[in-house]
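J.: My questions will all concern the structure given below.
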Amino acid sequence: MQNFNDPSYLKQAQYRSAENLEARIRLHKQFSTNPHGVYRWFFDHALAHIPQKASILEVGSGSGELWASCKDRVPAGWDITLSDFAIGILNDAQKKLASVPFEPEYREIDVQSIPYPDESFDAVFANFMLYHVPDRDKAIAEIRRVLKPNGVVLSATLGNDHMREYNQVVYKVLFDSDFQTSIIHDQFSIENGEAQLRKSFGQVEFINYDDHLRVTEVEPMVDYFLSLALPMITSVHVEQFAETVRSIISNAGHFFIQKHTGMFIGRGYAGK
Ligand SMILES: C[S@@+](CC[C@H](N)C(=O)[O-])C[C@H]1O[C@@H](n2cnc3c(N)ncnc32)[C@H](O)[C@@H]1O
C-alpha cells in the first residue's frame, strides 16, 4: 500500500503544487456545518496568545490558506516567515498571497532541521503537518529550540475519526476492505499529540473545533478523492466512488461526514 508519509510522495505528488490541498479546502469551505471556518478559528486563538509585535514562523505552511483567509486581521507588528519542505506548494502560496497587506518571507524548510538560531521566534505554527513528519520528536524539539523561552507553539491536527464515512468509501473502492483508523493522522493526532508535545513543552492545552460535513454534491467529493494523487486510482475507481456518493446523497439528501479537528497550544520547557 502507498506510504502516504513518504517524503518523495509528499514533495513530488501530493504537495507538488497547491492543487490537491486546495481541492480538499474547497470541499470543507463549501459543506462544513460550522460557518466560522477552521482557519479563522485558529487565528482567533493565535491573536489571543501572541503579542501585537512578534516574529512568527509557520512550518508546513502549504498553500497559505490560513493567511489568505485572515489577511485583514494580521497585526502590523507581526514579522512572518512561511515555510514548507515542498517547494512547489510554497511557490503557489507565494503567488496566492501576492497582494495581502503584509509581506511574509518564504523559505524552503524541513521542520526536522530548522535553519535558525535558538530563540528566534515568539510563535511557531505547525498546522495539519506534524503527522507527515517521520522524526516528530526531532521536529518538536526543533520547534522548541527556535522559540524564545516564553514563546508558544500552536498546532492544529485531526482525530482518528476525522472523515470516517468518507474513508470508509475510499477503502471499499480502492482496497475492498473496511476502514479501521487513519494511517496518516494517527502519527500525530488529537488522541496522541499532547504526549508527543510534552517531551519538549512544559504546558500543553487542547482546544476542540466542533464541525462536520453535509455534502450535497458529488463532484467536489470526487475532486477530494482525486486529491489523494495516487497513480493506482483508475477511472473505474473514480466511477465506483462517484456512484457510491451519488447513491448516499440521493437516499439521505446529503452525505454526512464527521470531522474531528482541534489544536494544541504548547509553552514552557519539558520538566520545568
Ligand atoms: C496538510 S498540508 C497543511 C498545510 C497548512 N499548514 C494548512 O493548514 O493549510 C501539510 C503540509 O506540510 C508540509 N510538510 C510535510 N512534511 C514536512 C516537513 N518534514 N517539513 C516541512 N513541511 C512539511 C507539506 O508539504 C504540506 O504543505
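Residues are named by chain letter and number: chains run A, B, ... in the order of the C-alpha cells, numbers start at 1 in each chain, and ligands are numbered from 1 in the order shown.
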Can you tell me which residues come within 6 Å of ligand 1 when counting only C-alpha atoms and all ligand atoms, ideally as a compact mmCIF listing (two decimals) with C-alpha atoms, in the first residue's frame?
T.:
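out30.txt was written with the following content:
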```txt
# COMPACT_ATOMS: atom_id res chain seq x y z
CA TYR A 15 2.26 18.75 -2.47
CA VAL A 59 6.23 25.26 9.27
CA GLY A 60 4.46 23.23 6.58
CA SER A 61 2.50 26.32 5.55
CA GLY A 62 1.07 24.59 2.46
CA GLU A 65 -4.77 29.38 3.25
CA ASP A 84 7.42 24.28 3.67
CA PHE A 85 9.68 21.42 2.60
CA ALA A 86 7.77 21.10 -0.73
CA ILE A 109 12.50 24.28 5.35
CA ASP A 110 12.16 20.74 6.65
CA VAL A 111 10.78 21.03 10.19
CA GLN A 112 13.17 18.28 11.33
CA ASN A 127 -0.93 23.03 11.35
CA PHE A 128 -2.04 19.69 9.90
CA MET A 129 1.56 18.75 9.17
CA HIS A 132 3.53 13.72 7.93
CA VAL A 133 6.90 14.02 9.67
```
J.: Tell me which protein, DNA and RNA residues are within 7 Å of Thr157 of chain A, counting only C-alpha atoms, leaving out same-chain ones fewer than 4 positions away, and put them as a PDB file with N, CA and C atoms, in the first residue's frame.
T.:
```pdb
ATOM      1  N   ASN A 127       0.443  23.506  11.523  1.00  0.00           N
ATOM      2  CA  ASN A 127      -0.930  23.032  11.355  1.00  0.00           C
ATOM      3  C   ASN A 127      -1.036  21.871  10.361  1.00  0.00           C
ATOM      4  N   PHE A 128      -1.716  20.832  10.775  1.00  0.00           N
ATOM      5  CA  PHE A 128      -2.037  19.695   9.900  1.00  0.00           C
ATOM      6  C   PHE A 128      -0.787  19.220   9.165  1.00  0.00           C
ATOM      7  N   SER A 189      -2.012  12.905  16.295  1.00  0.00           N
ATOM      8  CA  SER A 189      -3.462  13.095  16.267  1.00  0.00           C
ATOM      9  C   SER A 189      -3.929  13.814  17.529  1.00  0.00           C
ATOM     10  N   ILE A 190      -5.222  14.111  17.553  1.00  0.00           N
ATOM     11  CA  ILE A 190      -5.839  14.671  18.758  1.00  0.00           C
ATOM     12  C   ILE A 190      -5.612  13.715  19.936  1.00  0.00           C
ATOM     13  N   THR A 261     -11.430  17.837  14.646  1.00  0.00           N
ATOM     14  CA  THR A 261     -10.337  18.797  14.488  1.00  0.00           C
ATOM     15  C   THR A 261     -10.115  19.522  15.810  1.00  0.00           C
ATOM     16  N   GLY A 262      -8.870  19.862  16.083  1.00  0.00           N
ATOM     17  CA  GLY A 262      -8.575  20.636  17.282  1.00  0.00           C
ATOM     18  C   GLY A 262      -7.159  21.155  17.217  1.00  0.00           C
ATOM     19  N   MET A 263      -6.778  21.908  18.249  1.00  0.00           N
ATOM     20  CA  MET A 263      -5.407  22.420  18.248  1.00  0.00           C
ATOM     21  C   MET A 263      -4.770  22.294  19.614  1.00  0.00           C
TER      22      MET A 263
END
```
J.: Give me the residues of segment 161-270 of chain A that have any atom at most 7 Å from an atom of segment 23-45 of chain A; for each, the nearest atom pair and the distance in Å, rounded to one decimal. Use only C-alpha atoms, sort by chain and number, and format it as JSON lines.
T.:
```
{"residue": "A:Asp211", "atom": "CA", "partner": "A:Asn34", "partner_atom": "CA", "distance": 5.2}
{"residue": "A:His212", "atom": "CA", "partner": "A:Thr33", "partner_atom": "CA", "distance": 5.5}
{"residue": "A:Leu213", "atom": "CA", "partner": "A:Ser32", "partner_atom": "CA", "distance": 4.5}
{"residue": "A:Arg214", "atom": "CA", "partner": "A:Phe31", "partner_atom": "CA", "distance": 5.5}
{"residue": "A:Val215", "atom": "CA", "partner": "A:Phe31", "partner_atom": "CA", "distance": 5.4}
{"residue": "A:Pro220", "atom": "CA", "partner": "A:Leu27", "partner_atom": "CA", "distance": 5.9}
{"residue": "A:Met221", "atom": "CA", "partner": "A:Leu27", "partner_atom": "CA", "distance": 7.0}
{"residue": "A:Asp223", "atom": "CA", "partner": "A:Ala23", "partner_atom": "CA", "distance": 6.1}
{"residue": "A:Tyr224", "atom": "CA", "partner": "A:Arg24", "partner_atom": "CA", "distance": 5.3}
{"residue": "A:Ser227", "atom": "CA", "partner": "A:Ala23", "partner_atom": "CA", "distance": 6.6}
```
J.: Produce a file of the selected residues containing N, CA and C atoms, as a short mmCIF file (atom, residue, chain, number, x, y, z; two decimals), in the first residue's frame.
T.:
```cif
data_model
loop_
_atom_site.label_atom_id
_atom_site.label_comp_id
_atom_site.auth_asym_id
_atom_site.auth_seq_id
_atom_site.Cartn_x
_atom_site.Cartn_y
_atom_site.Cartn_z
N ASP A 211 -17.23 20.62 14.31
CA ASP A 211 -17.60 20.79 12.89
C ASP A 211 -17.88 19.43 12.25
N HIS A 212 -18.67 19.45 11.19
CA HIS A 212 -18.93 18.24 10.40
C HIS A 212 -19.16 18.66 8.96
N LEU A 213 -19.32 17.68 8.07
CA LEU A 213 -19.64 17.98 6.67
C LEU A 213 -21.02 17.43 6.34
N ARG A 214 -21.79 18.22 5.59
CA ARG A 214 -23.02 17.71 4.97
C ARG A 214 -22.89 18.00 3.49
N VAL A 215 -22.42 17.00 2.76
CA VAL A 215 -22.09 17.19 1.35
C VAL A 215 -23.32 16.87 0.50
N PRO A 220 -17.49 17.81 -6.02
CA PRO A 220 -16.44 18.23 -5.08
C PRO A 220 -15.88 17.06 -4.26
N MET A 221 -16.75 16.05 -4.04
CA MET A 221 -16.30 14.86 -3.30
C MET A 221 -15.34 14.03 -4.17
N ASP A 223 -13.41 15.32 -6.51
CA ASP A 223 -12.16 16.09 -6.52
C ASP A 223 -11.34 15.80 -5.26
N TYR A 224 -12.05 15.67 -4.16
CA TYR A 224 -11.39 15.38 -2.88
C TYR A 224 -10.69 14.02 -2.96
N SER A 227 -7.68 14.07 -5.04
CA SER A 227 -6.57 14.81 -4.42
C SER A 227 -5.64 13.88 -3.64
#
```
J.: Looking at only C-alpha atoms, which of A:Asp137, A:Gln180, A:Leu174, A:Tyr106 is the one that sits closest to Ala195 of chain A?
T.: A:Asp137
J.: At a cut-off of 10 Å, using only C-alpha atoms, what residues contact Ala123 of chain A? Leave out same-chain residues fewer than 6 positions from it and give the result as a ChimeraX atom specification.
T.: /A:46,49-51,54-58,80,143-144,146-148,150-154,266-267
J.: Within segment 88-140 of chain A, find each residue whose DSSP state, derived from the backbone, is strand (DSSP E or B), and express the selection as an MDAnalysis selection string.
T.: chainID A and resid 105:108 121:125
J.: Rounded to one decimal in Å, what is the spacing between atom CA of Ser177 of chain A and atom CA of Phe4 of chain A?
T.: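 That distance, rounded to one decimal, is 17.6 Å.
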J.: So which residues of segment 20-161 of chain A fall under alpha helix (DSSP H) by DSSP, listed as a ChimeraX atom specification?
T.: /A:20-31,38-49,65-69,87-96,136-146
J.: Could you take the residues named above and write them with C-alpha atoms, as a PDB file, in the first residue's frame?
T.:
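Final output, again13.pdb:
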```pdb
ATOM      1  CA  ASN A  20      -4.561  18.762  -4.156  1.00  0.00           C
ATOM      2  CA  LEU A  21      -4.731  20.657  -0.871  1.00  0.00           C
ATOM      3  CA  GLU A  22      -6.935  23.332  -2.459  1.00  0.00           C
ATOM      4  CA  ALA A  23      -9.428  20.666  -3.630  1.00  0.00           C
ATOM      5  CA  ARG A  24      -9.763  19.486  -0.026  1.00  0.00           C
ATOM      6  CA  ILE A  25     -10.028  23.033   1.337  1.00  0.00           C
ATOM      7  CA  ARG A  26     -12.806  23.760  -1.221  1.00  0.00           C
ATOM      8  CA  LEU A  27     -14.929  20.852  -0.001  1.00  0.00           C
ATOM      9  CA  HIS A  28     -14.556  21.954   3.620  1.00  0.00           C
ATOM     10  CA  LYS A  29     -15.387  25.571   2.759  1.00  0.00           C
ATOM     11  CA  GLN A  30     -18.482  24.592   0.793  1.00  0.00           C
ATOM     12  CA  PHE A  31     -20.059  21.944   3.034  1.00  0.00           C
ATOM     13  CA  VAL A  38     -11.115  26.292  10.913  1.00  0.00           C
ATOM     14  CA  TYR A  39      -8.516  28.837   9.820  1.00  0.00           C
ATOM     15  CA  ARG A  40     -10.423  31.806  11.286  1.00  0.00           C
ATOM     16  CA  TRP A  41     -10.951  29.796  14.470  1.00  0.00           C
ATOM     17  CA  PHE A  42      -7.225  29.039  14.632  1.00  0.00           C
ATOM     18  CA  PHE A  43      -6.449  32.725  14.101  1.00  0.00           C
ATOM     19  CA  ASP A  44      -8.757  33.764  16.987  1.00  0.00           C
ATOM     20  CA  HIS A  45      -6.508  31.726  19.305  1.00  0.00           C
ATOM     21  CA  ALA A  46      -3.306  32.930  17.653  1.00  0.00           C
ATOM     22  CA  LEU A  47      -4.354  36.561  18.272  1.00  0.00           C
ATOM     23  CA  ALA A  48      -5.201  35.754  21.893  1.00  0.00           C
ATOM     24  CA  HIS A  49      -1.798  34.152  22.604  1.00  0.00           C
ATOM     25  CA  GLU A  65      -4.768  29.382   3.252  1.00  0.00           C
ATOM     26  CA  LEU A  66      -4.506  30.461   6.906  1.00  0.00           C
ATOM     27  CA  TRP A  67      -3.098  33.832   5.849  1.00  0.00           C
ATOM     28  CA  ALA A  68      -5.386  34.242   2.839  1.00  0.00           C
ATOM     29  CA  SER A  69      -8.494  33.737   4.988  1.00  0.00           C
ATOM     30  CA  ILE A  87       8.970  23.963  -2.918  1.00  0.00           C
ATOM     31  CA  GLY A  88       6.067  23.562  -5.386  1.00  0.00           C
ATOM     32  CA  ILE A  89       3.343  24.323  -2.849  1.00  0.00           C
ATOM     33  CA  LEU A  90       5.475  27.055  -1.232  1.00  0.00           C
ATOM     34  CA  ASN A  91       5.756  28.833  -4.607  1.00  0.00           C
ATOM     35  CA  ASP A  92       1.979  28.578  -5.043  1.00  0.00           C
ATOM     36  CA  ALA A  93       1.456  30.062  -1.561  1.00  0.00           C
ATOM     37  CA  GLN A  94       3.663  32.995  -2.508  1.00  0.00           C
ATOM     38  CA  LYS A  95       1.551  33.591  -5.654  1.00  0.00           C
ATOM     39  CA  LYS A  96      -1.707  33.286  -3.723  1.00  0.00           C
ATOM     40  CA  ARG A 136       8.450  14.056  15.128  1.00  0.00           C
ATOM     41  CA  ASP A 137      10.463  14.112  18.375  1.00  0.00           C
ATOM     42  CA  LYS A 138      13.241  15.873  16.455  1.00  0.00           C
ATOM     43  CA  ALA A 139      10.765  18.221  14.733  1.00  0.00           C
ATOM     44  CA  ILE A 140       9.063  19.183  18.018  1.00  0.00           C
ATOM     45  CA  ALA A 141      12.460  19.661  19.725  1.00  0.00           C
ATOM     46  CA  GLU A 142      13.485  21.896  16.810  1.00  0.00           C
ATOM     47  CA  ILE A 143      10.307  23.976  17.231  1.00  0.00           C
ATOM     48  CA  ARG A 144      11.049  24.325  20.962  1.00  0.00           C
ATOM     49  CA  ARG A 145      14.679  25.276  20.226  1.00  0.00           C
ATOM     50  CA  VAL A 146      13.831  28.130  17.817  1.00  0.00           C
TER      51      VAL A 146
END
```
J.: Find the distance between atom CA of Tyr269 of chain A and atom CA of Gln187 of chain A and write it in Å to one decimal.
T.: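 For atom CA of Tyr269 of chain A relative to atom CA of Gln187 of chain A, the distance reads 22.5 Å.
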